[in-house]
file start_31.csv (CSV, C-alpha atoms and all ligand atoms)
chain,number,residue,atom,x,y,z
T,1480,MET,CA,77.3,9.1,128.6
T,1481,ARG,CA,80.2,7.8,126.5
T,1482,GLU,CA,82.5,10.0,124.3
T,1483,PRO,CA,81.3,10.4,120.7
T,1484,GLU,CA,83.8,9.1,118.0
T,1485,HIS,CA,86.0,11.6,116.1
T,1486,LEU,CA,86.5,12.0,112.4
T,1487,VAL,CA,89.9,11.6,110.7
T,1488,ILE,CA,89.6,14.6,108.3
T,1489,ARG,CA,87.1,17.2,107.2
T,1490,PRO,CA,87.1,19.9,104.5
T,1491,PRO,CA,88.7,23.3,105.4
T,1492,SER,CA,85.3,24.9,104.9
T,1493,GLU,CA,83.9,22.8,107.8
T,1494,ALA,CA,86.5,24.0,110.4
T,1495,ARG,CA,83.7,25.4,112.6
T,1496,SER,CA,81.2,22.6,112.1
T,1497,LEU,CA,79.8,20.0,114.4
T,1498,LEU,CA,81.5,16.8,113.3
T,1499,VAL,CA,79.4,13.6,113.3
T,1500,ARG,CA,81.0,10.2,112.5
T,1501,VAL,CA,78.4,8.2,110.6
T,1502,VAL,CA,80.8,5.6,109.2
T,1503,ARG,CA,84.5,4.8,109.8
T,1504,GLY,CA,87.2,5.2,107.1
T,1505,CYS,CA,86.6,4.8,103.3
T,1506,ASN,CA,84.7,1.9,101.8
T,1507,TRP,CA,86.8,2.3,98.6
T,1508,ASN,CA,90.3,3.1,100.0
T,1509,ARG,CA,92.1,2.2,96.8
T,1510,CYS,CA,93.0,5.6,95.3
T,1511,ASN,CA,96.8,5.5,94.6
T,1512,PHE,CA,97.4,9.1,95.7
T,1513,CYS,CA,95.4,8.8,99.0
T,1514,GLY,CA,95.9,6.3,101.8
T,1515,ILE,CA,94.7,8.9,104.4
T,1516,TYR,CA,92.8,6.2,106.3
T,1517,ASP,CA,95.7,3.8,106.2
T,1518,PHE,CA,98.0,6.4,107.6
T,1519,PHE,CA,95.6,7.0,110.5
T,1520,ASP,CA,95.0,3.2,110.9
T,1521,THR,CA,91.3,3.5,110.3
T,1522,PRO,CA,89.9,0.6,108.3
T,1523,PHE,CA,86.5,0.9,106.9
T,1524,SER,CA,83.6,-0.3,109.1
T,1525,GLU,CA,79.9,0.7,109.3
T,1526,ARG,CA,78.5,2.0,112.6
T,1527,SER,CA,75.1,0.9,113.9
T,1528,LEU,CA,72.3,3.4,113.6
T,1529,ASP,CA,72.0,3.3,117.5
T,1530,GLU,CA,75.7,4.3,117.9
T,1531,VAL,CA,75.4,7.2,115.5
T,1532,LEU,CA,72.1,8.5,117.1
T,1533,GLN,CA,73.8,8.2,120.6
T,1534,ASP,CA,76.8,10.1,119.4
T,1535,ILE,CA,74.5,13.0,118.3
T,1536,ASP,CA,72.9,13.0,121.7
T,1537,ALA,CA,76.3,12.9,123.4
T,1538,LEU,CA,77.5,15.9,121.2
T,1539,HIS,CA,74.5,17.8,122.3
T,1540,GLY,CA,75.2,17.0,125.9
T,1541,MET,CA,78.8,18.2,125.5
T,1542,TYR,CA,78.2,21.4,123.6
T,1543,GLY,CA,74.5,22.3,123.6
T,1544,ASP,CA,72.9,23.7,120.5
T,1545,ILE,CA,75.7,26.1,119.6
T,1546,PHE,CA,76.6,25.1,116.0
T,1547,ARG,CA,75.3,26.6,112.8
T,1548,THR,CA,76.9,24.0,110.5
T,1549,ALA,CA,77.5,20.2,110.8
T,1550,PHE,CA,79.6,17.8,108.7
T,1551,LEU,CA,79.0,14.0,108.4
T,1552,GLY,CA,82.1,11.7,108.0
T,1553,ASP,CA,84.2,9.8,107.5
T,1554,ALA,CA,84.9,9.4,103.7
T,1555,ASN,CA,81.6,8.4,102.2
T,1556,PRO,CA,78.4,8.3,104.3
T,1557,LEU,CA,76.4,8.3,101.0
T,1558,HIS,CA,77.5,4.7,100.7
T,1559,LEU,CA,74.8,3.9,103.4
T,1560,PRO,CA,71.1,3.2,102.6
T,1561,ALA,CA,68.9,6.2,102.1
T,1562,ASP,CA,66.6,5.3,105.0
T,1563,PHE,CA,69.7,5.1,107.4
T,1564,LEU,CA,70.8,8.6,106.4
T,1565,VAL,CA,67.3,10.0,106.6
T,1566,THR,CA,67.0,8.8,110.2
T,1567,VAL,CA,70.4,10.2,111.1
T,1568,LEU,CA,69.7,13.6,109.5
T,1569,SER,CA,66.2,13.9,111.0
T,1570,HIS,CA,67.6,13.2,114.5
T,1571,LEU,CA,70.5,15.6,113.9
T,1572,ARG,CA,68.1,18.4,112.8
T,1573,ARG,CA,65.7,17.7,115.8
T,1574,THR,CA,68.6,17.7,118.3
T,1575,PHE,CA,70.4,20.7,116.9
T,1576,PRO,CA,67.6,23.0,115.6
T,1577,LYS,CA,69.9,25.9,115.1
T,1578,LEU,CA,71.8,24.2,112.3
T,1579,GLU,CA,71.7,26.2,109.1
T,1580,ARG,CA,73.8,23.8,106.9
T,1581,VAL,CA,74.6,20.1,107.0
T,1582,THR,CA,77.2,18.7,104.6
T,1583,SER,CA,79.0,15.4,104.0
T,1584,TYR,CA,81.7,13.8,101.9
T,1585,ALA,CA,80.5,11.5,99.2
T,1586,ARG,CA,81.9,9.4,96.4
T,1587,ALA,CA,80.5,9.9,92.9
T,1588,SER,CA,80.0,6.1,92.5
T,1589,SER,CA,77.7,6.1,95.6
T,1590,LEU,CA,75.7,9.1,94.4
T,1591,ALA,CA,75.3,7.5,91.0
T,1592,LYS,CA,73.8,4.4,92.6
T,1593,LYS,CA,71.2,6.3,94.5
T,1594,THR,CA,67.8,6.9,92.8
T,1595,ALA,CA,66.6,10.5,92.3
T,1596,GLU,CA,64.0,9.8,95.0
T,1597,ASP,CA,66.7,8.6,97.4
T,1598,LEU,CA,68.8,11.7,96.9
T,1599,LYS,CA,65.7,14.0,97.2
T,1600,ALA,CA,64.7,12.2,100.5
T,1601,ILE,CA,68.2,12.7,101.9
T,1602,HIS,CA,68.2,16.3,100.9
T,1603,ASP,CA,64.7,16.8,102.4
T,1604,ALA,CA,65.8,15.2,105.7
T,1605,GLY,CA,68.5,17.9,106.0
T,1606,LEU,CA,71.6,17.2,103.9
T,1607,ASP,CA,72.4,20.5,102.1
T,1608,ARG,CA,75.7,19.9,100.4
T,1609,VAL,CA,78.0,17.0,99.4
T,1610,HIS,CA,81.8,17.4,99.0
T,1611,VAL,CA,82.9,15.0,96.2
T,1612,GLY,CA,86.5,14.2,95.2
T,1613,MET,CA,86.2,14.4,91.5
T,1614,GLU,CA,90.1,14.8,91.4
T,1615,SER,CA,90.1,14.5,87.6
T,1616,GLY,CA,87.5,14.3,84.8
T,1617,SER,CA,90.0,12.4,82.6
T,1618,ASP,CA,89.2,8.7,82.2
T,1619,ALA,CA,92.9,7.9,81.7
T,1620,VAL,CA,93.9,9.7,85.0
T,1621,LEU,CA,91.0,8.2,86.9
T,1622,ARG,CA,92.1,4.7,85.8
T,1623,LEU,CA,95.8,5.4,86.5
T,1624,GLN,CA,94.9,6.6,90.0
T,1625,LYS,CA,92.3,3.8,90.7
T,1626,LYS,CA,89.7,6.4,91.6
T,1627,GLY,CA,86.9,3.9,90.9
T,1628,THR,CA,84.8,6.3,88.9
T,1629,SER,CA,84.7,7.6,85.3
T,1630,GLN,CA,84.1,10.8,83.4
T,1631,ALA,CA,80.5,9.6,82.5
T,1632,GLN,CA,79.7,8.6,86.1
T,1633,LEU,CA,81.0,12.0,87.4
T,1634,ILE,CA,78.7,13.7,85.0
T,1635,ASP,CA,75.7,11.5,85.8
T,1636,ALA,CA,76.2,11.6,89.6
T,1637,GLY,CA,76.8,15.4,89.6
T,1638,LYS,CA,73.7,16.2,87.6
T,1639,LYS,CA,71.5,13.9,89.7
T,1640,THR,CA,72.9,15.6,92.9
T,1641,VAL,CA,72.2,19.1,91.6
T,1642,VAL,CA,68.7,18.1,90.5
T,1643,SER,CA,68.0,16.7,94.0
T,1644,GLY,CA,68.4,20.2,95.4
T,1645,MET,CA,71.7,19.5,97.2
T,1646,GLU,CA,74.7,21.8,96.7
T,1647,LEU,CA,77.6,20.1,95.1
T,1648,SER,CA,81.3,20.7,95.7
T,1649,TYR,CA,83.6,19.0,93.2
T,1650,TYR,CA,87.3,18.8,94.2
T,1651,PHE,CA,90.0,19.0,91.5
T,1652,LEU,CA,93.6,17.9,92.2
T,1653,LEU,CA,96.3,19.8,90.3
T,1654,GLY,CA,99.1,17.5,89.1
T,1655,LEU,CA,97.2,14.2,89.3
T,1656,GLY,CA,97.9,13.4,85.7
T,1657,GLY,CA,101.7,13.9,86.2
T,1658,GLN,CA,103.8,15.2,83.3
T,1659,THR,CA,102.3,12.6,80.9
T,1660,LEU,CA,98.6,13.0,81.2
T,1661,TRP,CA,98.3,16.6,82.4
T,1662,GLU,CA,96.6,18.0,79.2
T,1663,ASP,CA,94.0,15.2,79.3
T,1664,HIS,CA,93.6,15.8,83.0
T,1665,VAL,CA,92.7,19.4,82.5
T,1666,ARG,CA,90.6,18.9,79.4
T,1667,GLY,CA,88.5,16.1,80.9
T,1668,SER,CA,88.0,18.0,84.2
T,1669,ALA,CA,86.9,21.2,82.4
T,1670,LEU,CA,84.4,19.0,80.4
T,1671,VAL,CA,82.9,17.5,83.6
T,1672,LEU,CA,82.7,20.9,85.3
T,1673,ASN,CA,81.1,22.5,82.3
T,1674,GLU,CA,78.5,19.6,82.0
T,1675,VAL,CA,77.6,19.4,85.7
T,1676,LYS,CA,78.0,23.0,86.8
T,1677,PRO,CA,78.5,22.1,90.4
T,1678,HIS,CA,78.0,25.0,92.9
T,1679,PHE,CA,81.7,24.9,93.9
T,1680,ALA,CA,84.9,23.7,92.2
T,1681,ARG,CA,87.6,23.5,94.8
T,1682,VAL,CA,91.2,23.2,93.9
T,1683,ARG,CA,94.2,21.7,95.7
T,1684,ARG,CA,97.6,20.5,94.6
T,1685,LEU,CA,98.7,16.9,94.7
T,1686,TRP,CA,101.0,16.1,97.6
T,1687,ILE,CA,102.4,12.6,97.5
T,1688,HIS,CA,102.9,10.9,100.8
T,1689,PRO,CA,106.2,8.9,101.0
T,1690,MET,CA,104.3,5.7,101.9
T,1691,SER,CA,101.5,6.0,99.3
T,1692,ARG,CA,101.1,3.7,96.3
T,1693,LEU,CA,101.7,6.6,94.0
T,1694,MET,CA,105.2,7.1,95.5
T,1695,ASP,CA,105.9,3.5,94.4
T,1696,LYS,CA,104.8,4.4,90.9
T,1697,ILE,CA,107.3,7.3,91.0
T,1698,ARG,CA,110.1,5.0,92.1
T,1699,THR,CA,109.3,2.6,89.2
T,1700,GLY,CA,109.0,5.5,86.7
T,1701,GLU,CA,105.3,4.8,86.0
T,1702,PHE,CA,104.3,8.3,87.2
T,1703,VAL,CA,106.4,11.4,86.6
T,1704,GLU,CA,105.5,14.2,89.0
T,1705,GLN,CA,104.2,17.5,87.6
T,1706,THR,CA,106.5,20.5,88.1
T,1707,PRO,CA,105.4,23.4,90.3
T,1708,GLU,CA,105.1,25.6,87.2
T,1709,GLY,CA,103.2,22.8,85.4
T,1710,THR,CA,100.6,22.9,88.1
T,1711,VAL,CA,100.2,26.7,87.7
T,1712,ILE,CA,99.8,26.2,83.9
T,1713,GLU,CA,97.2,23.4,84.6
T,1714,LEU,CA,95.3,25.9,86.8
T,1715,ARG,CA,95.4,28.5,84.1
T,1716,ASP,CA,94.2,26.1,81.4
T,1717,LEU,CA,91.4,24.7,83.6
T,1718,VAL,CA,90.0,28.2,84.3
T,1719,ALA,CA,90.4,29.1,80.6
T,1720,GLY,CA,88.4,26.0,79.7
T,1721,LEU,CA,85.4,26.7,81.9
T,1722,THR,CA,82.3,28.1,80.2
T,1723,PRO,CA,80.2,30.8,82.0
T,1724,SER,CA,78.1,29.6,84.9
T,1725,PRO,CA,77.5,30.8,88.5
T,1726,MET,CA,79.9,28.1,89.7
T,1727,VAL,CA,82.2,29.3,92.5
T,1728,PHE,CA,85.8,28.4,91.7
T,1729,THR,CA,88.1,28.5,94.7
T,1730,CYS,CA,91.7,27.5,95.5
T,1731,ASP,CA,90.8,27.0,99.2
T,1732,HIS,CA,93.7,25.0,100.3
T,1733,ALA,CA,96.9,26.6,101.5
T,1734,ASN,CA,99.1,24.3,99.4
T,1735,ASN,CA,98.0,26.0,96.1
T,1736,TYR,CA,100.8,28.1,94.5
T,1737,ILE,CA,98.2,30.6,93.3
T,1738,GLN,CA,95.0,31.3,95.2
T,1739,VAL,CA,92.3,32.5,92.8
T,1740,HIS,CA,88.7,32.7,93.8
T,1741,GLY,CA,85.5,33.9,92.1
T,1742,ARG,CA,82.4,33.1,90.2
T,1743,ILE,CA,83.2,31.8,86.7
T,1744,ASP,CA,80.5,34.0,85.1
T,1745,HIS,CA,81.9,37.2,86.8
T,1746,ASP,CA,85.5,36.7,87.7
T,1747,LYS,CA,87.0,34.3,85.1
T,1748,ASP,CA,89.0,37.0,83.3
T,1749,ALA,CA,90.3,38.5,86.6
T,1750,MET,CA,91.4,35.0,87.7
T,1751,LEU,CA,93.2,34.4,84.4
T,1752,GLY,CA,94.8,37.8,84.7
T,1753,GLU,CA,96.1,37.0,88.2
T,1754,ILE,CA,97.6,33.7,87.0
T,1755,ASP,CA,99.2,35.2,83.9
T,1756,ALA,CA,100.6,38.1,85.9
T,1757,PHE,CA,102.3,35.5,88.1
T,1758,LEU,CA,103.6,33.5,85.1
T,1759,ALA,CA,105.1,36.8,83.7
T,1760,LEU,CA,107.3,37.3,86.8
T,1761,PRO,CA,111.0,36.7,86.5
T,1762,GLU,CA,111.9,33.0,86.8
T,1763,ALA,CA,113.9,33.6,90.0
T,1764,ARG,CA,110.8,35.2,91.7
T,1765,ARG,CA,108.6,32.3,90.6
T,1766,ARG,CA,111.1,29.7,91.9
T,1767,GLU,CA,111.3,31.5,95.2
T,1768,HIS,CA,107.5,31.5,95.5
T,1769,TYR,CA,107.3,27.7,94.8
T,1770,ARG,CA,109.9,27.1,97.5
T,1771,ALA,CA,107.9,29.1,100.0
T,1772,VAL,CA,104.6,27.3,99.6
T,1773,PRO,CA,104.3,24.2,101.8
T,1774,SER,CA,103.2,21.0,100.1
T,1775,VAL,CA,101.0,19.8,102.8
T,1776,ILE,CA,99.2,21.7,105.6
T,1801,LIG,S1,87.7,7.7,97.8
T,1801,LIG,FE1,88.6,9.5,98.9
T,1801,LIG,S2,89.0,8.8,100.9
T,1801,LIG,FE2,88.6,7.0,99.7
T,1801,LIG,S3,90.7,6.3,99.0
T,1801,LIG,FE3,89.8,7.6,97.4
T,1801,LIG,S4,90.6,9.7,97.9
T,1801,LIG,FE4,90.9,8.4,99.7

call {"tool": "encode", "arguments": {"input": "start_31.csv", "output": "structure tokens"}}
result
Amino acid sequence: MREPEHLVIRPPSEARSLLVRVVRGCNWNRCNFCGIYDFFDTPFSERSLDEVLQDIDALHGMYGDIFRTAFLGDANPLHLPADFLVTVLSHLRRTFPKLERVTSYARASSLAKKTAEDLKAIHDAGLDRVHVGMESGSDAVLRLQKKGTSQAQLIDAGKKTVVSGMELSYYFLLGLGGQTLWEDHVRGSALVLNEVKPHFARVRRLWIHPMSRLMDKIRTGEFVEQTPEGTVIELRDLVAGLTPSPMVFTCDHANNYIQVHGRIDHDKDAMLGEIDAFLALPEARRREHYRAVPSVI
């Protein structure tokens, strides 16, 4: 039996998951800050249904039914037709009956194009959660970064996904508005999160790859990078702008300067207290902390 294909990346929360490659690369691949699939020389291409089903069988042959969670990649399996995904998920669930959770990356634009019936069928076939790079809820920032979505679409796609029964993780990128658009970045993102109430809001800090399109914008002065302290203030203002809901808010990437976690309806004040306590430290201590936190892990 041939080797199954490997994913390029997966979310940190899927570190122990069975990884199934459903599609190669990203069908969008234009976000200025990203370029992950270019760096790993992985152009977008679809895989045949047979190839994916055979990979699932090969993974079972290699490991047996030992996994409790599985993750579908690469960047946007939800771009594929619903019946393709239903077949893959049904085969995965039959082959690995001990799976308790199956998740996937998804673009908001692809979720928005699916009907409510499609999303429910995909969920019923076994997809429990989607990880979506919201990055920002500000239309100005989304345009600047060529994210290929909008505030309205993020709200629409998010609400449809929640109604389908799937859990939704929206990822927010501190610093993505730079020093010019940061207030709109935070305000728009709080608005989307308050409207959608995803199950998880996951925070990471923008790291700019030297070869990315965003680095070119820095060189030309079109984008002015946020300061370390500016990203902490963004984090504080975002948390402050969230209205009570059971949403789990988590800074679950090691490149965050401050790691706050909790449910917004229970832990918002504690999280704000933690951030404010940090900002009240002497400047030298804060600078030392910023130097100690790696930009990329
Ligand atoms: S959609 Fe995601 S993977 Fe694709 S280019 Fe944008 S950030 Fe990168």

call {"tool": "residues_near_ligand", "arguments": {"input": "start_31.csv", "ligand": "ligand LIG 1801 (chain T)", "cutoff": "6 Å", "atoms": "all atoms listed in the file", "output": "PyMOL selection string"}}
result
chain T and resi 1505+1507-1510+1513-1514+1554+1626

call {"tool": "atom_distance", "arguments": {"input": "start_31.csv", "atom1": "CA of Asp1520 (chain T)", "atom2": "CA of Arg1489 (chain T)"}}
result
16.5 Å

call {"tool": "atom_distance", "arguments": {"input": "start_31.csv", "atom1": "CA of His1602 (chain T)", "atom2": "CA of His1678 (chain T)"}}
result
15.4 Å

call {"tool": "residues_around", "arguments": {"input": "start_31.csv", "residues": "Asn1555 (chain T)", "least_positions_apart": "6", "cutoff": "6 Å", "atoms": "only C-alpha atoms", "output": "ChimeraX atom specification"}}
result
/T:1584-1586

call {"tool": "residues_around", "arguments": {"input": "start_31.csv", "residues": "Gly1644 (chain T)", "least_positions_apart": "5", "cutoff": "9 Å", "atoms": "all atoms listed in the file", "output": "list in words"}}
result
Leu1598, Lys1599, His1602, Asp1603, Asp1607 and Arg1608 of chain T

call {"tool": "atom_distance", "arguments": {"input": "start_31.csv", "atom1": "CA of Gln1658 (chain T)", "atom2": "CA of Val1711 (chain T)"}}
result
12.8 Å

call {"tool": "closest_residue", "arguments": {"input": "start_31.csv", "among": "T:Lys1676, T:His1740, T:Lys1638, T:Arg1622", "to": "His1664 (chain T)", "atoms": "only C-alpha atoms"}}
result
T:Arg1622

call {"tool": "residues_around", "arguments": {"input": "start_31.csv", "residues": "Arg1683 (chain T)", "least_positions_apart": "2", "cutoff": "7 Å", "atoms": "all atoms listed in the file", "output": "short mmCIF file (atom, residue, chain, number, x, y, z; two decimals) with C-alpha atoms, in the coordinates of the input"}}
result
data_model
loop_
_atom_site.label_atom_id
_atom_site.label_comp_id
_atom_site.auth_asym_id
_atom_site.auth_seq_id
_atom_site.Cartn_x
_atom_site.Cartn_y
_atom_site.Cartn_z
CA PHE T 1651 90.00 19.00 91.50
CA LEU T 1652 93.60 17.90 92.20
CA LEU T 1653 96.30 19.80 90.30
CA ARG T 1681 87.60 23.50 94.80
CA LEU T 1685 98.70 16.90 94.70
CA CYS T 1730 91.70 27.50 95.50
CA HIS T 1732 93.70 25.00 100.30
CA ASN T 1734 99.10 24.30 99.40
CA ASN T 1735 98.00 26.00 96.10
#

call {"tool": "closest_residue", "arguments": {"input": "start_31.csv", "among": "T:Leu1532, T:His1558, T:Trp1686, T:Leu1717", "to": "Gly1616 (chain T)", "atoms": "all atoms listed in the file"}}
result
T:Leu1717

call {"tool": "residues_around", "arguments": {"input": "start_31.csv", "residues": "Leu1655 (chain T)", "least_positions_apart": "5", "cutoff": "8 Å", "atoms": "only C-alpha atoms", "output": "ChimeraX atom specification"}}
result
/T:1614-1615,1620,1624,1661,1664,1685,1705

call {"tool": "closest_residue", "arguments": {"input": "start_31.csv", "among": "T:Val1499, T:Ala1631, T:Leu1672, T:Leu1568", "to": "Ala1600 (chain T)", "atoms": "all atoms listed in the file"}}
result
T:Leu1568

call {"tool": "residues_around", "arguments": {"input": "start_31.csv", "residues": "Gly1657 (chain T)", "least_positions_apart": "3", "cutoff": "8 Å", "atoms": "all atoms listed in the file", "output": "MDAnalysis selection string"}}
result
chainID T and resid 1654 1660:1661 1702:1705

call {"tool": "write_last_selection", "arguments": {"input": "start_31.csv", "atoms": "C-alpha atoms", "output": "JSON list (two decimals), in the coordinates of the input"}}
result
[["chain", "number", "residue", "atom", "x", "y", "z"],
["T", 1654, "GLY", "CA", 99.10, 17.50, 89.10],
["T", 1660, "LEU", "CA", 98.60, 13.00, 81.20],
["T", 1661, "TRP", "CA", 98.30, 16.60, 82.40],
["T", 1702, "PHE", "CA", 104.30, 8.30, 87.20],
["T", 1703, "VAL", "CA", 106.40, 11.40, 86.60],
["T", 1704, "GLU", "CA", 105.50, 14.20, 89.00],
["T", 1705, "GLN", "CA", 104.20, 17.50, 87.60]]

call {"tool": "residues_near_point", "arguments": {"input": "start_31.csv", "point": "(79.0, 27.5, 117.8)", "cutoff": "12 Å", "atoms": "all atoms listed in the file", "output": "list in words"}}
result
Ala1494, Arg1495, Ser1496, Leu1497, Leu1498, His1539, Tyr1542, Gly1543, Asp1544, Ile1545, Phe1546, Arg1547, Thr1548, Ala1549, Phe1575, Lys1577, Leu1578 and Glu1579 of chain T

call {"tool": "closest_residue", "arguments": {"input": "start_31.csv", "among": "T:Arg1766, T:Lys1592, T:Arg1742, T:His1688", "to": "Thr1729 (chain T)", "atoms": "all atoms listed in the file"}}
result
T:Arg1742

call {"tool": "decode", "arguments": {"input": "start_31.csv", "residues": "region 1499-1527 of chain T", "atoms": "N, CA and C atoms", "output": "compact mmCIF listing (two decimals), in the first residue's frame"}}
result
# COMPACT_ATOMS: atom_id res chain seq x y z
N VAL T 1499 -5.57 14.02 7.69
CA VAL T 1499 -6.02 13.48 6.40
C VAL T 1499 -5.99 14.59 5.35
N ARG T 1500 -5.21 14.36 4.29
CA ARG T 1500 -5.13 15.39 3.24
C ARG T 1500 -6.25 15.17 2.22
N VAL T 1501 -7.17 16.14 2.19
CA VAL T 1501 -8.32 16.04 1.30
C VAL T 1501 -8.07 16.86 0.03
N VAL T 1502 -7.28 17.92 0.17
CA VAL T 1502 -6.98 18.81 -0.96
C VAL T 1502 -5.57 19.34 -0.72
N ARG T 1503 -4.86 19.73 -1.79
CA ARG T 1503 -3.49 20.23 -1.62
C ARG T 1503 -3.49 21.76 -1.67
N GLY T 1504 -2.79 22.40 -0.72
CA GLY T 1504 -2.61 23.85 -0.76
C GLY T 1504 -3.89 24.61 -0.50
N CYS T 1505 -3.89 25.88 -0.95
CA CYS T 1505 -5.02 26.79 -0.71
C CYS T 1505 -5.57 27.27 -2.05
N ASN T 1506 -6.88 27.15 -2.25
CA ASN T 1506 -7.48 27.56 -3.52
C ASN T 1506 -7.50 29.08 -3.66
N TRP T 1507 -7.29 29.81 -2.59
CA TRP T 1507 -7.25 31.28 -2.63
C TRP T 1507 -5.80 31.75 -2.78
N ASN T 1508 -5.02 31.48 -1.77
CA ASN T 1508 -3.57 31.71 -1.80
C ASN T 1508 -3.17 33.12 -2.19
N ARG T 1509 -3.94 34.12 -1.78
CA ARG T 1509 -3.61 35.49 -2.14
C ARG T 1509 -3.45 36.41 -0.93
N CYS T 1510 -3.70 35.94 0.28
CA CYS T 1510 -3.62 36.83 1.44
C CYS T 1510 -2.19 37.37 1.55
N ASN T 1511 -2.06 38.68 1.69
CA ASN T 1511 -0.73 39.31 1.67
C ASN T 1511 0.18 38.83 2.80
N PHE T 1512 -0.42 38.48 3.93
CA PHE T 1512 0.38 38.16 5.11
C PHE T 1512 0.75 36.68 5.17
N CYS T 1513 0.26 35.88 4.21
CA CYS T 1513 0.37 34.44 4.38
C CYS T 1513 1.50 33.84 3.54
N GLY T 1514 1.17 33.25 2.45
CA GLY T 1514 2.21 32.64 1.61
C GLY T 1514 2.73 31.32 2.12
N ILE T 1515 2.04 30.71 3.12
CA ILE T 1515 2.54 29.47 3.71
C ILE T 1515 2.71 28.38 2.66
N TYR T 1516 1.75 28.29 1.74
CA TYR T 1516 1.83 27.20 0.76
C TYR T 1516 2.84 27.49 -0.35
N ASP T 1517 3.15 28.78 -0.56
CA ASP T 1517 4.26 29.11 -1.48
C ASP T 1517 5.59 28.70 -0.84
N PHE T 1518 5.74 29.02 0.46
CA PHE T 1518 7.01 28.71 1.13
C PHE T 1518 7.27 27.21 1.11
N PHE T 1519 6.21 26.44 1.21
CA PHE T 1519 6.37 24.98 1.19
C PHE T 1519 6.15 24.40 -0.21
N ASP T 1520 6.16 25.30 -1.20
CA ASP T 1520 6.08 24.88 -2.61
C ASP T 1520 4.92 23.90 -2.84
N THR T 1521 3.74 24.32 -2.38
CA THR T 1521 2.56 23.47 -2.50
C THR T 1521 1.46 24.24 -3.24
N PRO T 1522 1.46 24.19 -4.56
CA PRO T 1522 0.37 24.86 -5.28
C PRO T 1522 -0.95 24.15 -5.03
N PHE T 1523 -2.03 24.87 -5.25
CA PHE T 1523 -3.35 24.27 -5.02
C PHE T 1523 -3.64 23.20 -6.07
N SER T 1524 -4.14 22.04 -5.63
CA SER T 1524 -4.71 21.08 -6.58
C SER T 1524 -5.70 20.20 -5.83
N GLU T 1525 -6.70 19.77 -6.56
CA GLU T 1525 -7.69 18.89 -5.93
C GLU T 1525 -7.19 17.45 -6.02
N ARG T 1526 -7.58 16.66 -5.08
CA ARG T 1526 -7.27 15.23 -5.11
C ARG T 1526 -8.52 14.48 -5.54
N SER T 1527 -8.33 13.30 -6.15
CA SER T 1527 -9.52 12.55 -6.54
C SER T 1527 -10.12 11.90 -5.29
